[in-house]
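What follows is the content of run32.tsv, which has TSV, C-alpha atoms and all ligand atoms:
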```tsv
chain	number	residue	atom	x	y	z
Y	1	MET	CA	50.85	11.57	97.36
Y	2	LEU	CA	54.48	11.32	96.17
Y	3	ARG	CA	53.16	10.89	92.63
Y	4	ARG	CA	51.13	14.10	92.82
Y	5	VAL	CA	54.06	16.06	94.28
Y	6	LEU	CA	56.42	14.85	91.56
Y	7	LEU	CA	53.95	15.56	88.75
Y	8	ALA	CA	53.39	19.08	90.12
Y	9	ALA	CA	57.14	19.70	90.64
Y	10	SER	CA	57.93	18.49	87.12
Y	11	ALA	CA	56.64	21.81	85.71
Y	12	SER	CA	59.57	23.61	87.38
Y	13	PRO	CA	62.18	24.66	84.77
Y	14	ARG	CA	64.97	24.10	87.36
Y	15	LEU	CA	63.98	20.49	88.00
Y	16	ARG	CA	63.66	19.91	84.25
Y	17	LYS	CA	67.18	21.26	83.68
Y	18	LEU	CA	68.62	19.18	86.54
Y	19	ILE	CA	67.02	15.92	85.39
Y	20	MET	CA	67.78	16.42	81.68
Y	21	ALA	CA	71.43	17.26	82.33
Y	22	ALA	CA	72.18	14.47	84.85
Y	23	PRO	CA	74.34	11.75	83.27
Y	24	GLN	CA	72.54	9.14	85.39
Y	25	THR	CA	69.27	9.97	83.63
Y	26	ARG	CA	70.44	8.30	80.40
Y	27	ALA	CA	70.20	4.73	81.65
Y	28	ILE	CA	66.63	5.24	82.86
Y	29	VAL	CA	65.60	6.99	79.64
Y	30	ASP	CA	67.07	4.13	77.63
Y	31	SER	CA	64.99	1.59	79.54
Y	32	TYR	CA	61.73	3.37	78.61
Y	33	VAL	CA	62.53	4.99	75.23
Y	34	ALA	CA	63.49	3.25	71.96
Y	35	GLY	CA	66.05	5.88	70.87
Y	36	GLU	CA	66.17	9.31	69.26
Y	37	THR	CA	65.42	8.64	65.60
Y	38	ALA	CA	62.81	7.01	63.36
Y	39	ASP	CA	65.45	4.41	62.43
Y	40	ASP	CA	65.75	3.51	66.15
Y	41	ALA	CA	61.96	3.19	66.30
Y	42	VAL	CA	61.92	0.91	63.25
Y	43	ARG	CA	64.74	-1.24	64.66
Y	44	VAL	CA	62.92	-1.75	67.98
Y	45	THR	CA	59.64	-2.42	66.16
Y	46	ARG	CA	61.35	-5.10	64.07
Y	47	ALA	CA	62.69	-6.78	67.22
Y	48	LEU	CA	59.32	-6.69	69.00
Y	49	ARG	CA	57.52	-8.03	65.92
Y	50	GLY	CA	60.04	-10.88	65.94
Y	51	GLN	CA	58.71	-11.79	69.38
Y	52	GLY	CA	55.10	-11.83	68.16
Y	53	LEU	CA	54.26	-8.45	69.72
Y	54	LEU	CA	52.21	-5.67	68.13
Y	55	VAL	CA	53.49	-2.10	68.38
Y	56	SER	CA	52.21	1.47	68.70
Y	57	LEU	CA	54.85	4.15	68.14
Y	58	ASP	CA	54.83	7.52	69.84
Y	59	TYR	CA	57.05	10.38	68.67
Y	60	LEU	CA	57.82	12.11	71.98
Y	61	GLY	CA	56.74	15.71	72.50
Y	62	GLU	CA	53.70	17.56	73.76
Y	63	ASP	CA	52.19	21.02	74.33
Y	64	THR	CA	53.56	22.42	71.07
Y	65	THR	CA	53.43	26.21	71.00
Y	66	GLU	CA	54.49	26.85	67.38
Y	67	GLU	CA	52.70	25.96	64.18
Y	68	ARG	CA	56.03	25.10	62.55
Y	69	GLN	CA	56.80	22.57	65.29
Y	70	ALA	CA	53.31	21.00	64.96
Y	71	ALA	CA	53.94	20.62	61.20
Y	72	SER	CA	57.31	19.01	61.80
Y	73	VAL	CA	55.84	16.47	64.26
Y	74	THR	CA	53.19	15.64	61.64
Y	75	GLU	CA	55.90	15.17	59.00
Y	76	GLU	CA	57.86	12.91	61.36
Y	77	TYR	CA	54.85	10.59	61.73
Y	78	ILE	CA	54.28	10.51	57.97
Y	79	GLN	CA	57.93	9.64	57.32
Y	80	LEU	CA	57.87	7.01	60.07
Y	81	LEU	CA	54.77	5.34	58.63
Y	82	GLY	CA	56.50	5.22	55.23
Y	83	LYS	CA	59.59	3.56	56.73
Y	84	LEU	CA	57.52	1.02	58.66
Y	85	ALA	CA	55.43	0.19	55.57
Y	86	ALA	CA	58.56	-0.24	53.43
Y	87	GLU	CA	59.63	-3.04	55.79
Y	88	GLY	CA	56.16	-4.64	55.87
Y	89	LEU	CA	55.79	-3.79	59.57
Y	90	THR	CA	52.40	-2.08	59.25
Y	91	GLN	CA	50.64	-5.01	57.60
Y	92	GLY	CA	47.27	-5.72	59.21
Y	93	GLY	CA	47.90	-2.93	61.72
Y	94	ALA	CA	50.83	-4.80	63.32
Y	95	ALA	CA	52.62	-1.51	63.95
Y	96	GLU	CA	50.50	1.64	64.28
Y	97	VAL	CA	51.10	5.13	65.69
Y	98	SER	CA	49.96	6.95	68.83
Y	99	VAL	CA	49.67	10.73	68.53
Y	100	LYS	CA	49.36	13.37	71.25
Y	101	PRO	CA	46.90	16.02	70.00
Y	102	THR	CA	48.85	18.81	71.77
Y	103	ALA	CA	52.01	17.76	69.89
Y	104	VAL	CA	50.32	18.47	66.57
Y	105	GLY	CA	48.89	21.82	67.65
Y	106	LEU	CA	45.73	21.28	69.72
Y	107	PHE	CA	46.42	24.34	71.85
Y	108	LEU	CA	47.13	26.42	68.71
Y	109	GLY	CA	43.61	25.72	67.45
Y	110	ALA	CA	41.42	22.68	66.91
Y	111	SER	CA	41.30	23.15	63.14
Y	112	LEU	CA	45.11	23.08	62.84
Y	113	ALA	CA	45.34	19.92	64.98
Y	114	THR	CA	42.50	18.30	63.03
Y	115	ARG	CA	44.25	18.99	59.71
Y	116	ASN	CA	47.52	17.53	61.00
Y	117	ILE	CA	45.85	14.45	62.47
Y	118	GLU	CA	43.94	13.94	59.24
Y	119	ARG	CA	47.23	13.92	57.30
Y	120	ILE	CA	48.66	11.30	59.68
Y	121	CYS	CA	45.47	9.21	59.35
Y	122	ALA	CA	45.74	9.36	55.54
Y	123	ALA	CA	49.38	8.20	55.71
Y	124	ALA	CA	48.43	5.40	58.11
Y	125	HIS	CA	45.61	4.32	55.80
Y	126	GLU	CA	48.03	4.24	52.89
Y	127	ALA	CA	50.38	2.10	54.99
Y	128	GLY	CA	47.53	-0.26	55.95
Y	129	THR	CA	47.45	0.67	59.62
Y	130	THR	CA	45.77	2.85	62.25
Y	131	VAL	CA	46.23	5.90	64.46
Y	132	THR	CA	45.31	6.24	68.14
Y	133	LEU	CA	45.01	9.67	69.79
Y	134	ASP	CA	46.51	9.67	73.29
Y	135	ALA	CA	44.59	11.23	76.20
Y	136	GLU	CA	46.44	14.12	77.85
Y	137	GLY	CA	45.64	16.62	80.60
Y	138	TYR	CA	42.01	17.42	81.39
Y	139	ASP	CA	41.94	20.63	79.26
Y	140	ALA	CA	42.74	18.55	76.18
Y	141	ILE	CA	40.09	15.84	76.67
Y	142	GLU	CA	36.97	17.56	75.33
Y	143	PRO	CA	38.67	19.08	72.25
Y	144	THR	CA	40.30	15.68	71.52
Y	145	HIS	CA	36.91	13.95	71.63
Y	146	ARG	CA	35.50	16.58	69.26
Y	147	ILE	CA	38.34	15.95	66.79
Y	148	ILE	CA	37.74	12.20	66.96
Y	149	ALA	CA	34.00	12.67	66.35
Y	150	SER	CA	34.72	14.91	63.36
Y	151	LEU	CA	37.26	12.53	61.79
Y	152	ARG	CA	35.52	9.22	62.38
Y	153	ALA	CA	33.19	9.63	59.38
Y	154	GLU	CA	36.27	9.42	57.14
Y	155	HIS	CA	38.58	7.40	59.43
Y	156	SER	CA	36.33	5.04	61.38
Y	157	ASP	CA	39.35	3.19	62.81
Y	158	LEU	CA	40.80	6.30	64.53
Y	159	GLY	CA	41.40	5.09	68.09
Y	160	CYS	CA	40.83	7.08	71.23
Y	161	VAL	CA	42.00	6.77	74.84
Y	162	VAL	CA	39.90	6.86	78.01
Y	163	GLN	CA	41.53	7.57	81.38
Y	164	ALA	CA	39.65	5.58	84.03
Y	165	ALA	CA	40.68	8.10	86.70
Y	166	LEU	CA	38.42	10.78	85.23
Y	167	ARG	CA	34.90	10.89	86.65
Y	168	ARG	CA	33.46	11.41	83.16
Y	169	SER	CA	35.03	8.23	81.75
Y	170	GLU	CA	32.24	5.71	82.43
Y	171	ALA	CA	29.91	7.92	80.40
Y	172	ASP	CA	32.57	8.28	77.70
Y	173	CYS	CA	32.94	4.49	77.53
Y	174	ARG	CA	29.19	4.11	76.99
Y	175	THR	CA	29.31	6.63	74.14
Y	176	LEU	CA	32.43	5.09	72.61
Y	177	ALA	CA	31.65	1.37	72.94
Y	178	GLY	CA	29.82	1.23	69.58
Y	179	HIS	CA	30.51	-1.08	66.68
Y	180	GLY	CA	34.03	-0.94	65.31
Y	181	SER	CA	35.32	1.73	67.66
Y	182	ARG	CA	38.86	1.29	68.96
Y	183	VAL	CA	39.13	2.45	72.58
Y	184	ARG	CA	42.27	2.22	74.71
Y	185	LEU	CA	41.51	2.15	78.44
Y	186	CYS	CA	44.28	3.30	80.79
Y	187	LYS	CA	44.31	4.46	84.41
Y	188	GLY	CA	45.48	8.00	83.56
Y	189	ALA	CA	48.95	9.47	84.06
Y	190	TYR	CA	48.13	13.14	84.72
Y	191	ASN	CA	47.70	15.13	87.92
Y	192	GLU	CA	43.99	16.06	88.03
Y	193	PRO	CA	41.97	17.62	90.86
Y	194	GLU	CA	39.38	15.73	92.95
Y	195	SER	CA	36.62	17.73	91.26
Y	196	VAL	CA	37.16	15.89	87.97
Y	197	ALA	CA	39.11	12.76	88.90
Y	198	PHE	CA	39.42	9.94	91.40
Y	199	THR	CA	42.74	10.40	93.13
Y	200	ALA	CA	42.97	7.38	95.47
Y	201	ARG	CA	44.61	4.34	93.83
Y	202	ARG	CA	41.81	2.00	94.92
Y	203	GLU	CA	39.12	4.28	93.48
Y	204	VAL	CA	40.99	4.47	90.17
Y	205	ASP	CA	41.33	0.66	90.03
Y	206	LEU	CA	37.60	0.22	90.69
Y	207	ALA	CA	36.78	2.81	88.03
Y	208	TYR	CA	39.04	0.95	85.59
Y	209	ALA	CA	37.15	-2.30	86.24
Y	210	ARG	CA	33.78	-0.56	85.67
Y	211	CYS	CA	34.95	1.04	82.40
Y	212	LEU	CA	36.45	-2.26	81.28
Y	213	LYS	CA	33.14	-4.03	81.81
Y	214	ILE	CA	31.32	-1.45	79.65
Y	215	LEU	CA	33.87	-1.75	76.84
Y	216	MET	CA	34.04	-5.56	76.92
Y	217	ASP	CA	30.20	-5.73	76.92
Y	218	GLY	CA	30.09	-3.38	73.93
Y	219	ALA	CA	30.51	-3.92	70.21
Y	220	GLY	CA	33.83	-2.09	69.81
Y	221	TYR	CA	37.47	-3.16	69.96
Y	222	PRO	CA	38.78	-2.60	73.53
Y	223	MET	CA	42.50	-2.04	74.11
Y	224	LEU	CA	43.40	-2.81	77.73
Y	225	ALA	CA	46.40	-0.61	78.53
Y	226	THR	CA	47.64	-1.64	81.95
Y	227	HIS	CA	50.44	-3.56	83.67
Y	228	ASP	CA	48.22	-4.33	86.65
Y	229	PRO	CA	47.99	-8.14	87.02
Y	230	ARG	CA	44.53	-8.04	88.61
Y	231	LEU	CA	43.06	-5.91	85.83
Y	232	ILE	CA	44.68	-8.07	83.15
Y	233	GLU	CA	43.04	-11.10	84.75
Y	234	ILE	CA	39.66	-9.35	84.94
Y	235	GLY	CA	40.05	-8.42	81.24
Y	236	GLY	CA	40.65	-12.07	80.31
Y	237	SER	CA	37.65	-13.23	82.36
Y	238	LEU	CA	35.38	-10.59	80.81
Y	239	GLY	CA	36.57	-11.69	77.38
Y	240	MET	CA	35.46	-15.26	78.13
Y	241	LEU	CA	32.21	-14.16	79.78
Y	242	ASN	CA	31.29	-12.14	76.69
Y	243	ALA	CA	32.41	-14.95	74.37
Y	244	ARG	CA	34.90	-12.60	72.74
Y	245	GLY	CA	37.46	-14.17	70.45
Y	246	GLN	CA	41.11	-13.40	71.21
Y	247	ASP	CA	41.25	-11.18	68.15
Y	248	SER	CA	38.36	-8.97	69.31
Y	249	PHE	CA	40.40	-7.07	71.93
Y	250	GLU	CA	44.02	-6.51	72.84
Y	251	TYR	CA	46.32	-5.90	75.79
Y	252	GLN	CA	48.76	-3.00	75.72
Y	253	MET	CA	51.82	-2.21	77.83
Y	254	LEU	CA	54.62	0.33	77.74
Y	255	TYR	CA	58.05	-0.43	76.27
Y	256	GLY	CA	60.39	-1.59	79.03
Y	257	ILE	CA	57.69	-2.44	81.58
Y	258	ARG	CA	56.92	-6.10	82.39
Y	259	PRO	CA	58.46	-7.44	79.12
Y	260	ALA	CA	58.21	-11.07	80.30
Y	261	GLU	CA	54.48	-10.63	80.88
Y	262	GLN	CA	54.16	-9.07	77.41
Y	263	ARG	CA	55.72	-12.18	75.87
Y	264	ARG	CA	53.65	-14.51	78.06
Y	265	LEU	CA	50.40	-12.93	76.86
Y	266	ALA	CA	51.51	-12.99	73.21
Y	267	ASN	CA	52.56	-16.64	73.51
Y	268	SER	CA	49.14	-17.49	74.98
Y	269	GLY	CA	47.56	-16.33	71.71
Y	270	ALA	CA	46.38	-12.93	72.96
Y	271	ARG	CA	46.95	-9.77	70.95
Y	272	MET	CA	49.60	-7.85	72.88
Y	273	ARG	CA	50.72	-4.38	71.78
Y	274	VAL	CA	53.75	-2.52	73.11
Y	275	TYR	CA	53.65	1.30	73.19
Y	276	VAL	CA	57.08	2.44	72.04
Y	277	PRO	CA	58.14	6.08	72.49
Y	278	TYR	CA	61.10	7.55	70.65
Y	279	GLY	CA	62.62	11.00	70.09
Y	280	GLY	CA	64.61	13.54	72.06
Y	281	ASP	CA	61.77	15.25	73.95
Y	282	TRP	CA	61.42	12.59	76.64
Y	283	TYR	CA	61.19	14.71	79.82
Y	284	GLY	CA	57.39	14.68	80.37
Y	285	TYR	CA	57.15	10.96	79.52
Y	286	LEU	CA	60.01	10.05	81.88
Y	287	VAL	CA	58.55	12.02	84.81
Y	288	ARG	CA	55.17	10.29	84.42
Y	289	ARG	CA	56.91	6.87	84.48
Y	290	LEU	CA	58.95	7.80	87.57
Y	291	ALA	CA	55.85	9.10	89.32
Y	292	GLU	CA	54.02	5.82	88.72
Y	293	ARG	CA	56.50	3.82	90.70
Y	294	PRO	CA	58.05	5.17	93.90
Y	295	ARG	CA	60.75	2.48	93.72
Y	296	ASN	CA	61.97	3.90	90.36
Y	297	LEU	CA	61.94	7.38	91.80
Y	298	THR	CA	63.94	6.48	94.91
Y	299	PHE	CA	66.52	4.70	92.74
Y	300	PHE	CA	66.71	7.71	90.45
Y	301	LEU	CA	67.05	10.31	93.22
Y	302	ARG	CA	69.70	8.21	94.94
Y	303	SER	CA	71.72	7.99	91.72
Y	304	LEU	CA	71.37	11.76	91.18
Y	305	GLY	CA	72.82	12.31	94.63
Y	306	SER	CA	75.76	9.94	94.11
Y	307	LYS	CA	79.09	10.99	92.59
Y	308	SER	CA	79.42	8.05	90.20
K	401	LIG	C1	49.83	1.27	76.08
K	401	LIG	C2	49.62	2.36	77.06
K	401	LIG	C3	49.19	3.59	76.61
K	401	LIG	C4	48.96	4.62	77.52
K	401	LIG	N1	48.43	5.81	77.07
K	401	LIG	C5	48.09	6.75	77.98
K	401	LIG	C6	47.41	7.93	77.58
K	401	LIG	O1	47.11	8.15	76.39
K	401	LIG	N2	47.08	8.84	78.53
K	401	LIG	C7	47.38	8.64	79.86
K	401	LIG	O2	47.04	9.48	80.70
K	401	LIG	N3	48.05	7.52	80.26
K	401	LIG	C8	48.40	6.59	79.36
K	401	LIG	N4	49.04	5.46	79.80
K	401	LIG	C9	49.60	5.39	81.18
K	401	LIG	C10	48.57	4.88	82.15
K	401	LIG	O3	47.55	5.85	82.33
K	401	LIG	C11	49.22	4.58	83.51
K	401	LIG	O4	49.76	5.76	84.04
K	401	LIG	C12	50.30	3.52	83.47
K	401	LIG	O5	50.00	2.51	82.57
K	401	LIG	C13	50.48	2.87	84.86
K	401	LIG	O6	49.28	2.30	85.27
K	401	LIG	P1	49.00	0.71	85.36
K	401	LIG	O7	47.65	0.47	84.79
K	401	LIG	O8	50.08	-0.04	84.73
K	401	LIG	O9	48.86	0.42	86.90
K	401	LIG	P2	49.85	0.65	88.13
K	401	LIG	O10	49.03	0.36	89.33
K	401	LIG	O11	50.51	2.00	88.03
K	401	LIG	O12	50.96	-0.44	87.92
K	401	LIG	C14	50.70	-1.83	88.02
K	401	LIG	C15	52.05	-2.56	88.05
K	401	LIG	O13	52.73	-2.34	86.81
K	401	LIG	C16	54.12	-2.15	87.01
K	401	LIG	N5	54.48	-0.77	86.63
K	401	LIG	C17	53.62	0.26	86.38
K	401	LIG	N6	54.29	1.37	86.03
K	401	LIG	C18	55.59	1.06	86.08
K	401	LIG	C19	56.78	1.78	85.78
K	401	LIG	N7	56.75	3.06	85.40
K	401	LIG	N8	57.97	1.13	85.91
K	401	LIG	C20	58.02	-0.17	86.29
K	401	LIG	N9	56.91	-0.90	86.56
K	401	LIG	C21	55.72	-0.32	86.45
K	401	LIG	C22	54.35	-2.39	88.47
K	401	LIG	O14	54.62	-3.76	88.64
K	401	LIG	C23	53.01	-2.04	89.09
K	401	LIG	O15	52.81	-2.66	90.34
K	401	LIG	C24	49.23	4.40	78.91
K	401	LIG	C25	49.65	3.16	79.35
K	401	LIG	C26	49.85	2.14	78.46
K	401	LIG	C27	50.25	0.80	78.98
```

What do you get writing this file as structure tokens?
Amino acid sequence: MLRRVLLAASASPRLRKLIMAAPQTRAIVDSYVAGETADDAVRVTRALRGQGLLVSLDYLGEDTTEERQAASVTEEYIQLLGKLAAEGLTQGGAAEVSVKPTAVGLFLGASLATRNIERICAAAHEAGTTVTLDAEGYDAIEPTHRIIASLRAEHSDLGCVVQAALRRSEADCRTLAGHGSRVRLCKGAYNEPESVAFTARREVDLAYARCLKILMDGAGYPMLATHDPRLIEIGGSLGMLNARGQDSFEYQMLYGIRPAEQRRLANSGARMRVYVPYGGDWYGYLVRRLAERPRNLTFFLRSLGSKS
């Protein structure tokens, strides 16, 4: 309930201004975000690679309303991929990029977004790595799937994300579980209505387990994006049940969340990828992280109210 209220309230320009201007916000942002620049992103990637972790980098920003801005986000990804490749960090897909379709112009037209994503895919290919398209609000899901379908002929390793909370997702998993397809499964971080999504935590968890089973039974490459210990365990058991090698699927977690568990999984021989956001446009990302965990939110609101 609190999560839904916060996600709805986050659209208010006043709340946005208050949160972005509060000095106490910085410490929380720093715990979830790698820094402002591509050099910060490369530095954090280097450190995570040193711990045996894989990385997916996200240049923060979404819902772009200007073509110029969409082009500049695209350029940022291309430059970033060049910097990562120059340091050998992209080898074998060790560091890849995650792209939000609305950041590269989805709501300005599918053809513009497709062109921009194609340019990022070409740069990733050149660098020897991959691209995954994030899943955003419900309005963006169908157009994102169409873009993926249109680009997969040329870029068969273009990854996509399924949000277990959406009622359509089991069907999507069946369609997407084919040979070679890279599918990230997450619970879903957006505020969607009952008509299209499960809204009770337990229902979402059960839906995640059903989707996971379809993907792990399939011929694709599942990417299990969750910090939930029960679902991580179910993922491992399904891997064994389906006689999957440890290199035929991976776990994914967000930068700053359960880092000890990230290292434990990597040390056990599993492929473990950390999703690392960077950039100055962190508001939407931060609110979704606060909404996921009431304890974080209480701490944050208390610090906003204090004088220190
Ligand atoms: C790699 C990755 C990529 C993602 N990409 C997308 C995407 O494209 N689209 C999308 O809608 N969502 C995406 N998400 C977010 C996802 O949908 C969930 O909102 C988020 O992962 C929290 O769900 P959970 O599975 O960890 O389970 P939860 O039940 O929320 O959390 C399980 C446990 O994890 C820990 N935890 C979870 N969140 C936090 C937090 N913020 N701070 C501290 N501890 C926490 C707590 O111990 C909690 O008990 C992504 C998540 C990951 C890990």

Using only C-alpha atoms for the distances, tell me which of Y:Glu261, Y:Ile214, Y:Thr130, Y:Val29 is nearest to Y:Pro229.
Y:Glu261

7 Å from ligand LIG 401 (chain K) is the threshold here; counting only C-alpha atoms and all ligand atoms, which polymer residues fall inside it? Answer as a list of chain:residue names.
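Counting only C-alpha atoms and all ligand atoms, the residues within 7 Å of ligand LIG 401 (chain K) come out as Y:Asp134, Y:Ala135, Y:Glu136, Y:Val161, Y:Gln163, Y:Cys186, Y:Lys187, Y:Gly188, Y:Ala189, Y:Tyr190, Y:Ala225, Y:Thr226, Y:His227, Y:Asp228, Y:Pro229, Y:Gln252, Y:Met253, Y:Leu254, Y:Ile257, Y:Arg258, Y:Val274, Y:Tyr275, Y:Arg289, Y:Leu290, Y:Glu292, Y:Arg293, Y:Asn296.
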
Two-atom distance - atom CA of Y:Gly284, atom CA of Y:Glu76 (Å)
19.1 Å

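Shortest atom-to-atom contact with Y:His145 among Y:Thr64, Y:Ser12, Y:Thr132, Y:Ser31: Y:Thr132, counting all atoms listed in the file.
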
Using all atoms listed in the file, which of Y:Gly159, Y:Pro193, Y:Pro294, Y:Gly269 sits nearest Y:Gly137?
Y:Pro193
